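> Input structure: start-v1.cif, which contains mmCIF, C-alpha atoms.
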data_entry
loop_
_atom_site.label_atom_id
_atom_site.label_comp_id
_atom_site.auth_asym_id
_atom_site.auth_seq_id
_atom_site.Cartn_x
_atom_site.Cartn_y
_atom_site.Cartn_z
CA MET C 1 -1.07 -9.98 12.82
CA THR C 2 -0.03 -6.54 14.04
CA LEU C 3 2.70 -4.93 11.92
CA THR C 4 4.70 -2.56 14.08
CA VAL C 5 7.49 -0.05 13.60
CA GLU C 6 9.17 1.29 16.70
CA ASN C 7 11.55 4.24 16.70
CA LEU C 8 12.42 3.46 13.08
CA SER C 9 15.32 5.36 11.55
CA LEU C 10 16.71 5.02 8.05
CA THR C 11 19.47 7.05 6.44
CA ARG C 12 20.90 7.30 2.96
CA GLY C 13 24.32 8.90 2.95
CA LYS C 14 24.21 12.18 4.85
CA ALA C 15 20.50 12.78 4.36
CA GLY C 16 18.02 11.36 6.83
CA VAL C 17 15.05 9.53 5.31
CA LEU C 18 13.18 8.37 8.41
CA HIS C 19 13.63 9.62 11.96
CA GLY C 20 12.16 7.82 14.96
CA VAL C 21 8.91 6.68 13.31
CA SER C 22 6.65 4.52 15.50
CA ALA C 23 3.25 3.03 14.64
CA ALA C 24 1.35 -0.22 15.28
CA LEU C 25 -0.71 -1.09 12.20
CA GLN C 26 -3.80 -3.25 12.57
CA PRO C 27 -5.30 -5.87 10.24
CA GLY C 28 -8.76 -5.33 8.83
CA GLN C 29 -8.04 -1.68 8.06
CA ILE C 30 -6.84 0.44 5.16
CA THR C 31 -3.97 2.62 6.36
CA ALA C 32 -2.82 5.41 4.05
CA ILE C 33 0.68 6.88 4.24
CA CYS C 34 0.64 10.47 3.01
CA GLY C 35 3.14 13.30 2.82
CA PRO C 36 4.98 15.62 0.43
CA ASN C 37 7.55 14.35 -2.05
CA GLY C 38 10.65 13.12 -0.24
CA ALA C 39 8.85 12.70 3.08
CA GLY C 40 9.91 9.04 3.37
CA LYS C 41 6.65 7.31 2.38
CA SER C 42 8.13 4.70 0.04
CA SER C 43 11.02 4.10 2.42
CA LEU C 44 8.60 3.37 5.25
CA LEU C 45 6.65 0.95 3.06
CA LEU C 46 9.86 -0.86 2.03
CA ALA C 47 10.84 -1.18 5.68
CA LEU C 48 7.38 -2.54 6.54
CA ALA C 49 7.83 -5.13 3.79
CA GLY C 50 11.23 -6.14 5.14
CA LEU C 51 12.90 -5.14 1.87
CA ILE C 52 15.29 -2.64 3.45
CA ALA C 53 16.91 -2.89 6.86
CA PRO C 54 16.51 0.09 9.19
CA ASP C 55 19.58 1.79 10.66
CA GLY C 56 17.78 2.07 13.98
CA GLY C 57 14.61 0.79 15.60
CA THR C 58 12.63 -2.33 14.75
CA VAL C 59 9.92 -3.64 12.44
CA THR C 60 7.98 -6.57 13.86
CA LEU C 61 5.16 -8.84 12.74
CA ASP C 62 3.23 -10.29 15.67
CA GLY C 63 6.13 -9.35 17.92
CA THR C 64 8.82 -11.06 15.80
CA ALA C 65 11.41 -8.89 14.07
CA LEU C 66 11.09 -9.13 10.27
CA ALA C 67 14.82 -9.78 10.07
CA GLU C 68 14.28 -12.97 12.07
CA ILE C 69 11.54 -14.32 9.77
CA HIS C 70 12.78 -16.48 6.90
CA PRO C 71 12.45 -14.54 3.61
CA GLN C 72 10.18 -17.18 2.09
CA LEU C 73 7.81 -17.10 5.07
CA ARG C 74 7.94 -13.31 5.14
CA ALA C 75 6.98 -13.24 1.45
CA GLN C 76 4.05 -15.53 2.21
CA ARG C 77 2.77 -13.21 4.94
CA ILE C 78 3.50 -9.79 3.41
CA GLY C 79 2.62 -8.94 -0.19
CA TYR C 80 4.31 -5.88 -1.70
CA LEU C 81 3.24 -3.97 -4.81
CA PRO C 82 5.96 -1.54 -6.01
CA GLN C 83 5.22 1.79 -7.60
CA ASP C 84 6.70 1.13 -11.04
CA GLY C 85 4.82 -2.14 -11.70
CA GLU C 86 7.21 -3.32 -14.40
CA VAL C 87 6.64 -6.70 -16.05
CA ALA C 88 9.81 -8.16 -17.58
CA TRP C 89 8.07 -10.64 -19.89
CA ASP C 90 4.87 -10.40 -21.90
CA LEU C 91 3.05 -13.09 -19.94
CA SER C 92 -0.63 -13.84 -20.00
CA VAL C 93 -2.53 -12.24 -17.16
CA ARG C 94 -3.07 -15.62 -15.51
CA ASN C 95 0.63 -16.48 -15.64
CA LEU C 96 1.52 -13.08 -14.22
CA VAL C 97 -0.91 -13.58 -11.34
CA ALA C 98 0.46 -17.10 -10.80
CA LEU C 99 3.84 -15.57 -9.91
CA GLY C 100 2.24 -14.55 -6.63
CA ARG C 101 2.35 -18.22 -5.62
CA LEU C 102 6.15 -18.47 -5.88
CA PRO C 103 6.73 -18.03 -2.11
CA HIS C 104 4.39 -20.97 -1.50
CA ARG C 105 5.94 -23.21 -4.17
CA ASP C 106 2.62 -24.61 -5.31
CA ASP C 107 0.23 -24.04 -8.20
CA GLY C 108 -2.38 -22.40 -5.97
CA LYS C 109 -5.14 -22.75 -8.56
CA ALA C 110 -7.89 -21.76 -6.14
CA GLN C 111 -5.94 -18.70 -4.90
CA ILE C 112 -5.17 -17.58 -8.45
CA ALA C 113 -8.80 -17.92 -9.48
CA GLY C 114 -9.87 -16.02 -6.37
CA ALA C 115 -7.38 -13.23 -7.03
CA LEU C 116 -8.57 -12.85 -10.63
CA GLU C 117 -12.17 -12.70 -9.45
CA ALA C 118 -11.40 -10.23 -6.66
CA THR C 119 -9.81 -7.81 -9.12
CA HIS C 120 -12.39 -8.37 -11.90
CA MET C 121 -9.74 -9.85 -14.21
CA THR C 122 -11.15 -13.35 -14.82
CA ALA C 123 -12.43 -12.47 -18.29
CA LEU C 124 -8.99 -11.10 -19.24
CA GLN C 125 -6.85 -13.92 -17.83
CA ASP C 126 -5.72 -15.16 -21.26
CA ARG C 127 -4.76 -11.73 -22.55
CA PRO C 128 -1.06 -10.79 -22.87
CA VAL C 129 -0.12 -8.15 -20.33
CA SER C 130 1.10 -5.88 -23.14
CA THR C 131 -2.45 -5.54 -24.46
CA LEU C 132 -3.92 -4.30 -21.19
CA SER C 133 -4.96 -0.75 -20.44
CA GLY C 134 -3.36 1.06 -17.53
CA GLY C 135 -6.26 0.24 -15.23
CA GLU C 136 -6.32 -3.41 -16.27
CA ARG C 137 -2.59 -3.70 -15.75
CA ALA C 138 -2.87 -2.20 -12.26
CA ARG C 139 -5.56 -4.72 -11.38
CA ALA C 140 -3.48 -7.60 -12.76
CA LEU C 141 -0.49 -6.60 -10.64
CA LEU C 142 -2.71 -6.32 -7.59
CA ALA C 143 -4.12 -9.78 -8.37
CA ARG C 144 -0.56 -11.13 -8.32
CA VAL C 145 -0.23 -9.87 -4.75
CA PHE C 146 -3.64 -11.27 -3.77
CA ALA C 147 -2.74 -14.68 -5.23
CA GLY C 148 -0.12 -15.07 -2.52
CA ASP C 149 -2.93 -14.84 0.06
CA PRO C 150 -0.83 -12.58 2.31
CA GLU C 151 -1.84 -11.32 5.72
CA TRP C 152 -0.66 -7.84 4.69
CA VAL C 153 -0.98 -6.02 1.37
CA LEU C 154 1.48 -3.12 0.98
CA ALA C 155 1.09 -1.01 -2.16
CA ASP C 156 3.12 2.01 -3.25
CA GLU C 157 0.97 4.48 -5.20
CA PRO C 158 -1.33 1.78 -6.65
CA LEU C 159 -3.71 4.45 -7.98
CA ALA C 160 -1.12 6.59 -9.80
CA ALA C 161 -1.95 7.34 -13.43
CA LEU C 162 -5.36 5.66 -13.18
CA ASP C 163 -8.57 7.44 -14.12
CA PHE C 164 -11.22 7.94 -11.47
CA TYR C 165 -13.23 4.85 -12.45
CA HIS C 166 -10.22 2.54 -12.24
CA GLN C 167 -9.10 4.13 -8.99
CA LEU C 168 -12.43 3.21 -7.46
CA GLU C 169 -12.19 -0.34 -8.85
CA VAL C 170 -8.79 -0.90 -7.25
CA LEU C 171 -9.92 0.71 -3.99
CA SER C 172 -12.95 -1.58 -3.96
CA SER C 173 -10.67 -4.62 -4.27
CA LEU C 174 -8.46 -3.34 -1.46
CA ARG C 175 -11.46 -2.66 0.78
CA ALA C 176 -12.68 -6.21 0.18
CA ALA C 177 -9.24 -7.49 1.21
CA ALA C 178 -9.43 -5.51 4.45
CA GLN C 179 -12.92 -6.84 5.13
CA LEU C 180 -11.48 -10.36 4.88
CA GLY C 181 -9.11 -9.44 7.72
CA ARG C 182 -6.01 -8.49 5.77
CA GLY C 183 -4.03 -5.44 6.69
CA VAL C 184 -3.80 -2.96 3.79
CA VAL C 185 -1.21 -0.16 3.71
CA LEU C 186 -1.14 2.29 0.79
CA VAL C 187 1.12 5.16 -0.13
CA LEU C 188 -1.20 7.85 -1.51
CA HIS C 189 -0.60 11.35 -2.84
CA ASP C 190 -4.29 12.13 -3.39
CA LEU C 191 -5.47 13.44 -0.02
CA ALA C 192 -9.15 13.24 -0.98
CA LEU C 193 -8.82 9.51 -1.72
CA ALA C 194 -7.08 9.02 1.62
CA MET C 195 -9.76 11.03 3.41
CA ASN C 196 -12.64 9.11 1.81
CA HIS C 197 -11.27 5.57 1.69
CA ALA C 198 -8.73 5.06 4.49
CA ASP C 199 -9.54 4.05 8.03
CA ARG C 200 -6.30 5.54 9.32
CA VAL C 201 -3.75 7.98 7.93
CA LEU C 202 -0.07 8.38 8.74
CA VAL C 203 1.32 11.78 7.67
CA LEU C 204 5.07 11.96 7.15
CA ASP C 205 6.97 15.22 6.91
CA GLN C 206 10.72 15.26 6.30
CA GLY C 207 11.04 11.69 7.55
CA ARG C 208 9.12 12.27 10.76
CA LEU C 209 5.63 11.18 11.73
CA ASN C 210 3.56 14.36 11.82
CA ALA C 211 0.15 12.79 12.43
CA ASP C 212 -1.40 9.37 12.98
CA GLY C 213 -5.11 8.88 13.33
CA ALA C 214 -8.50 8.95 11.65
CA PRO C 215 -8.47 10.77 8.30
CA GLU C 216 -10.45 13.70 9.69
CA GLN C 217 -7.77 14.26 12.31
CA ALA C 218 -4.59 13.45 10.39
CA LEU C 219 -5.70 15.41 7.32
CA SER C 220 -7.13 18.38 9.14
CA ILE C 221 -6.87 21.76 7.45
CA GLY C 222 -4.25 22.78 10.01
CA ASN C 223 -2.07 19.75 9.25
CA ILE C 224 -2.38 20.27 5.50
CA MET C 225 -1.23 23.86 5.92
CA GLN C 226 1.63 22.85 8.21
CA VAL C 227 2.92 19.91 6.16
CA TRP C 228 2.11 20.81 2.55
CA GLY C 229 2.10 24.58 2.98
CA VAL C 230 -1.23 24.85 1.18
CA SER C 231 -4.31 26.80 2.24
CA ALA C 232 -7.27 24.47 1.68
CA ARG C 233 -10.70 23.46 2.91
CA TRP C 234 -12.78 20.29 2.85
CA LEU C 235 -16.20 20.27 1.23
CA GLY C 236 -18.92 17.62 1.23
CA GLU C 237 -20.12 14.87 3.51
CA PRO C 238 -18.02 12.16 5.22
CA GLY C 239 -16.97 9.58 2.65
CA ALA C 240 -17.41 12.06 -0.19
CA ARG C 241 -15.07 14.89 0.73
CA ALA C 242 -13.43 17.15 -1.84
CA LEU C 243 -10.35 19.23 -1.10
CA VAL C 244 -10.47 22.78 -2.38
CA THR C 245 -7.30 24.88 -2.38
CA GLY C 246 -6.82 28.60 -2.43
#
Take the structure in the file and give it back as C-alpha coordinates.

Amino acid sequence: MTLTVENLSLTRGKAGVLHGVSAALQPGQITAICGPNGAGKSSLLLALAGLIAPDGGTVTLDGTALAEIHPQLRAQRIGYLPQDGEVAWDLSVRNLVALGRLPHRDDGKAQIAGALEATHMTALQDRPVSTLSGGERARALLARVFAGDPEWVLADEPLAALDFYHQLEVLSSLRAAAQLGRGVVLVLHDLALAMNHADRVLVLDQGRLNADGAPEQALSIGNIMQVWGVSARWLGEPGARALVTG
(Lines of atoms letter the chains of each structure in order from A and count residues from 1; the text may use other names and numbers.)
(Lines give C-alpha, C1' and ligand atoms only; values in the text may rest on other atoms or scores of the structure.)
Protein backbone atom coordinates (compact mmCIF):
# COMPACT_ATOMS: atom_id res chain seq x y z
CA MET A 1 0.00 0.00 0.00
CA THR A 2 2.97 2.34 -0.42
CA LEU A 3 2.03 5.77 -1.80
CA THR A 4 4.97 7.19 -3.68
CA VAL A 5 5.86 10.44 -5.40
CA GLU A 6 8.96 10.47 -7.56
CA ASN A 7 10.53 13.63 -8.95
CA LEU A 8 7.13 15.32 -8.79
CA SER A 9 6.81 18.73 -10.43
CA LEU A 10 3.72 20.89 -10.67
CA THR A 11 3.43 24.38 -12.12
CA ARG A 12 0.72 26.99 -12.24
CA GLY A 13 1.35 29.56 -14.92
CA LYS A 14 4.86 30.96 -14.56
CA ALA A 15 5.21 30.16 -10.87
CA GLY A 16 6.52 26.80 -9.78
CA VAL A 17 4.49 25.03 -7.08
CA LEU A 18 6.40 21.77 -6.68
CA HIS A 19 9.90 21.00 -7.89
CA GLY A 20 11.29 17.47 -7.99
CA VAL A 21 9.62 16.18 -4.82
CA SER A 22 10.23 12.49 -4.03
CA ALA A 23 8.98 10.47 -1.06
CA ALA A 24 7.68 6.95 -0.40
CA LEU A 25 4.93 7.10 2.23
CA GLN A 26 4.20 4.04 4.35
CA PRO A 27 0.90 2.73 5.76
CA GLY A 28 0.47 2.48 9.51
CA GLN A 29 2.03 5.90 10.06
CA ILE A 30 0.93 9.50 10.46
CA THR A 31 2.94 11.64 8.05
CA ALA A 32 2.72 15.42 8.49
CA ILE A 33 3.43 17.82 5.63
CA CYS A 34 4.66 21.13 7.02
CA GLY A 35 6.01 24.35 5.55
CA PRO A 36 5.38 28.09 5.26
CA ASN A 37 2.40 29.50 3.38
CA GLY A 38 2.77 28.88 -0.34
CA ALA A 39 5.29 26.07 0.11
CA GLY A 40 3.17 23.62 -1.92
CA LYS A 41 1.65 21.54 0.91
CA SER A 42 -1.93 21.44 -0.38
CA SER A 43 -0.71 20.90 -3.93
CA LEU A 44 1.30 17.87 -2.83
CA LEU A 45 -1.71 16.45 -1.00
CA LEU A 46 -3.94 16.94 -4.07
CA ALA A 47 -1.36 15.16 -6.22
CA LEU A 48 -1.19 12.30 -3.70
CA ALA A 49 -4.97 12.00 -3.91
CA GLY A 50 -4.87 11.92 -7.71
CA LEU A 51 -6.99 15.07 -7.92
CA ILE A 52 -4.44 17.06 -9.93
CA ALA A 53 -2.08 15.71 -12.56
CA PRO A 54 1.61 16.53 -12.16
CA ASP A 55 3.51 18.26 -14.96
CA GLY A 56 6.45 15.98 -14.32
CA GLY A 57 7.25 12.89 -12.30
CA THR A 58 4.87 10.21 -11.05
CA VAL A 59 2.52 9.37 -8.19
CA THR A 60 2.03 5.65 -7.66
CA LEU A 61 0.03 3.42 -5.34
CA ASP A 62 1.63 0.00 -4.90
CA GLY A 63 3.69 0.67 -8.02
CA THR A 64 0.72 1.61 -10.23
CA ALA A 65 0.44 5.20 -11.46
CA LEU A 66 -2.66 6.90 -10.01
CA ALA A 67 -3.58 8.04 -13.52
CA GLU A 68 -3.91 4.37 -14.51
CA ILE A 69 -6.28 3.50 -11.64
CA HIS A 70 -9.97 3.90 -12.43
CA PRO A 71 -11.33 6.97 -10.56
CA GLN A 72 -13.92 4.89 -8.71
CA LEU A 73 -11.30 2.41 -7.48
CA ARG A 74 -8.94 5.24 -6.61
CA ALA A 75 -11.69 6.87 -4.55
CA GLN A 76 -12.22 3.58 -2.73
CA ARG A 77 -8.53 3.33 -1.82
CA ILE A 78 -7.71 6.99 -1.10
CA GLY A 79 -9.93 9.18 1.09
CA TYR A 80 -9.40 12.94 0.84
CA LEU A 81 -10.57 15.59 3.32
CA PRO A 82 -10.29 19.13 1.87
CA GLN A 83 -9.42 22.16 3.94
CA ASP A 84 -12.67 24.09 3.52
CA GLY A 85 -15.00 21.25 4.57
CA GLU A 86 -18.08 22.77 2.95
CA VAL A 87 -21.38 20.90 3.10
CA ALA A 88 -23.78 21.91 0.32
CA TRP A 89 -26.95 20.58 1.98
CA ASP A 90 -28.07 20.53 5.60
CA LEU A 91 -28.00 16.76 5.92
CA SER A 92 -28.15 14.74 9.08
CA VAL A 93 -24.75 13.65 10.33
CA ARG A 94 -25.48 10.05 9.39
CA ASN A 95 -26.47 10.97 5.84
CA LEU A 96 -23.36 13.10 5.48
CA VAL A 97 -21.17 10.22 6.63
CA ALA A 98 -23.03 7.86 4.28
CA LEU A 99 -21.73 9.90 1.33
CA GLY A 100 -18.37 8.26 2.00
CA ARG A 101 -19.84 5.04 0.60
CA LEU A 102 -20.56 6.54 -2.83
CA PRO A 103 -17.39 5.09 -4.45
CA HIS A 104 -18.49 1.64 -3.30
CA ARG A 105 -22.11 2.01 -4.45
CA ASP A 106 -23.53 0.23 -1.43
CA ASP A 107 -25.23 1.23 1.81
CA GLY A 108 -22.21 0.21 3.91
CA LYS A 109 -24.19 0.20 7.16
CA ALA A 110 -21.42 -1.45 9.14
CA GLN A 111 -18.76 0.95 7.79
CA ILE A 112 -20.93 3.98 8.52
CA ALA A 113 -21.60 2.81 12.06
CA GLY A 114 -17.89 2.14 12.55
CA ALA A 115 -16.94 5.58 11.23
CA LEU A 116 -19.42 7.29 13.57
CA GLU A 117 -18.05 5.32 16.50
CA ALA A 118 -14.42 5.99 15.57
CA THR A 119 -15.03 9.74 15.55
CA HIS A 120 -17.30 9.76 18.63
CA MET A 121 -20.27 10.95 16.57
CA THR A 122 -22.76 8.10 17.13
CA ALA A 123 -24.82 10.09 19.63
CA LEU A 124 -25.06 13.00 17.17
CA GLN A 125 -25.89 11.02 14.03
CA ASP A 126 -29.45 12.37 13.77
CA ARG A 127 -28.45 15.99 14.21
CA PRO A 128 -28.49 18.36 11.20
CA VAL A 129 -24.97 19.36 10.24
CA SER A 130 -25.90 23.03 10.62
CA THR A 131 -26.39 22.55 14.36
CA LEU A 132 -22.91 21.14 14.99
CA SER A 133 -20.06 22.97 16.64
CA GLY A 134 -16.82 23.42 14.73
CA GLY A 135 -15.23 20.42 16.41
CA GLU A 136 -18.28 18.22 15.83
CA ARG A 137 -18.41 19.25 12.19
CA ALA A 138 -14.73 18.39 11.73
CA ARG A 139 -15.32 14.96 13.22
CA ALA A 140 -18.37 14.39 11.01
CA LEU A 141 -16.39 15.21 7.88
CA LEU A 142 -13.61 12.90 9.00
CA ALA A 143 -16.20 10.18 9.61
CA ARG A 144 -17.34 10.58 6.00
CA VAL A 145 -13.80 9.76 4.88
CA PHE A 146 -13.55 6.81 7.31
CA ALA A 147 -16.88 5.41 6.05
CA GLY A 148 -15.24 4.75 2.69
CA ASP A 149 -12.80 2.41 4.49
CA PRO A 150 -9.86 3.75 2.45
CA GLU A 151 -6.32 2.47 2.61
CA TRP A 152 -5.10 6.08 2.79
CA VAL A 153 -6.56 9.07 4.63
CA LEU A 154 -5.33 12.42 3.29
CA ALA A 155 -6.46 15.51 5.21
CA ASP A 156 -5.67 19.16 4.52
CA GLU A 157 -5.47 21.17 7.75
CA PRO A 158 -8.04 19.00 9.59
CA LEU A 159 -7.22 20.73 12.88
CA ALA A 160 -7.58 24.33 11.68
CA ALA A 161 -9.90 26.49 13.80
CA LEU A 162 -10.39 23.72 16.38
CA ASP A 163 -9.73 24.25 20.07
CA PHE A 164 -7.09 22.15 21.76
CA TYR A 165 -9.55 19.56 23.08
CA HIS A 166 -11.10 18.94 19.67
CA GLN A 167 -7.68 18.85 18.03
CA LEU A 168 -6.72 16.01 20.33
CA GLU A 169 -10.01 14.19 19.61
CA VAL A 170 -9.42 14.31 15.85
CA LEU A 171 -5.77 13.31 16.27
CA SER A 172 -6.86 10.37 18.41
CA SER A 173 -9.18 9.19 15.62
CA LEU A 174 -6.41 9.54 13.05
CA ARG A 175 -3.95 7.65 15.25
CA ALA A 176 -6.47 4.83 15.60
CA ALA A 177 -6.78 4.72 11.81
CA ALA A 178 -3.01 4.39 11.47
CA GLN A 179 -2.95 1.63 14.07
CA LEU A 180 -5.44 -0.27 11.91
CA GLY A 181 -2.88 -0.14 9.09
CA ARG A 182 -4.13 2.86 7.15
CA GLY A 183 -1.73 5.45 5.86
CA VAL A 184 -2.51 8.92 7.24
CA VAL A 185 -1.12 12.09 5.65
CA LEU A 186 -1.91 15.50 7.17
CA VAL A 187 -1.09 19.04 6.17
CA LEU A 188 -0.31 20.84 9.43
CA HIS A 189 0.74 24.39 10.25
CA ASP A 190 1.15 23.77 13.98
CA LEU A 191 4.70 22.49 14.33
CA ALA A 192 4.18 21.36 17.93
CA LEU A 193 1.29 19.11 16.87
CA ALA A 194 3.44 17.67 14.09
CA MET A 195 6.34 17.14 16.49
CA ASN A 196 4.19 15.39 19.11
CA HIS A 197 1.79 13.37 16.97
CA ALA A 198 3.42 12.53 13.63
CA ASP A 199 5.66 9.57 12.95
CA ARG A 200 7.27 11.30 10.00
CA VAL A 201 7.43 14.90 8.77
CA LEU A 202 7.96 16.25 5.27
CA VAL A 203 9.05 19.91 5.25
CA LEU A 204 8.40 21.83 2.05
CA ASP A 205 10.02 25.16 1.26
CA GLN A 206 9.20 27.03 -1.94
CA GLY A 207 7.96 23.84 -3.57
CA ARG A 208 11.02 21.78 -2.71
CA LEU A 209 11.46 19.05 -0.13
CA ASN A 210 13.68 20.53 2.57
CA ALA A 211 13.52 17.66 5.06
CA ASP A 212 12.02 14.19 5.38
CA GLY A 213 12.34 12.14 8.52
CA ALA A 214 11.41 11.71 12.16
CA PRO A 215 9.89 14.86 13.68
CA GLU A 216 12.96 15.51 15.82
CA GLN A 217 15.11 15.62 12.69
CA ALA A 218 12.79 17.31 10.19
CA LEU A 219 11.69 19.96 12.71
CA SER A 220 15.08 20.63 14.22
CA ILE A 221 15.80 24.15 15.41
CA GLY A 222 18.18 24.60 12.49
CA ASN A 223 15.51 23.63 9.94
CA ILE A 224 12.92 25.88 11.56
CA MET A 225 15.33 28.80 11.33
CA GLN A 226 16.23 27.99 7.73
CA VAL A 227 12.69 27.41 6.43
CA TRP A 228 10.50 29.67 8.56
CA GLY A 229 13.14 32.25 9.44
CA VAL A 230 12.22 32.05 13.11
CA SER A 231 14.55 31.70 16.10
CA ALA A 232 12.97 29.07 18.34
CA ARG A 233 13.65 26.27 20.80
CA TRP A 234 11.87 23.10 21.87
CA LEU A 235 10.91 22.57 25.50
CA GLY A 236 9.55 19.49 27.27
CA GLU A 237 9.77 15.75 26.90
CA PRO A 238 9.25 13.67 23.73
CA GLY A 239 5.56 13.54 22.91
CA ALA A 240 4.89 16.72 24.87
CA ARG A 241 7.11 19.28 23.20
CA ALA A 242 6.33 22.99 23.13
CA LEU A 243 7.88 25.40 20.64
CA VAL A 244 9.06 28.67 22.11
CA THR A 245 10.04 31.52 19.78
CA GLY A 246 12.23 34.51 20.35
> Interatomic distance between CA of Thr245 in chain C and CA of Asp84 in chain C?
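Between these atoms lies a distance of 28.9 Å.
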> Name all residues at most 7 Å from Ala214 in chain C (count all atoms listed in the file; drop same-chain ones fewer than 2 positions away) and give them as a list of chain:residue names.
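Everything that qualifies: C:Asp199, C:Arg200, C:Val201, C:Glu216, C:Gln217, C:Ala218.
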> Assuming 5 Å of padding per side, give the centre and edge lengths of the axis-aligned box around every listed atom of range 132-145 of chain C, in Å to one decimal and as AutoDock Vina command-line options.

--center_x -3.3 --center_y -5.0 --center_z -13.0 --size_x 16.1 --size_y 22.2 --size_z 26.4
> Could you check the closest approach to Leu8 in chain C for each of C:Asp55, C:Ala143, C:Lys41, C:Leu61 and tell me which residue wins, using only C-alpha atoms?
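Going through C:Asp55, C:Ala143, C:Lys41, C:Leu61 one by one, the smallest distance to Leu8 in chain C is for C:Asp55.
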> Within 12 Å of (-4.9, 20.3, 3.7) (coordinates as in the file), grab all the protein and nucleic acid residues, counting all atoms listed in the file, and write them out as a PyMOL selection string.
chain C and resi 34-36+189-192+194-195+203+215-235+241-246
> Name the residues that the PyMOL selection byres ((chain C and resi 174) around 12) pulls out of this structure, and write them as a PyMOL selection string.
chain C and resi 28-32+115+118-119+139+142-143+145-146+152-155+158-159+167-173+175-186+197-198
> What does the distance between CA of Pro238 in chain C and CA of Asp205 in chain C come to in Å, to one decimal place?
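These two atoms are separated by 25.2 Å.
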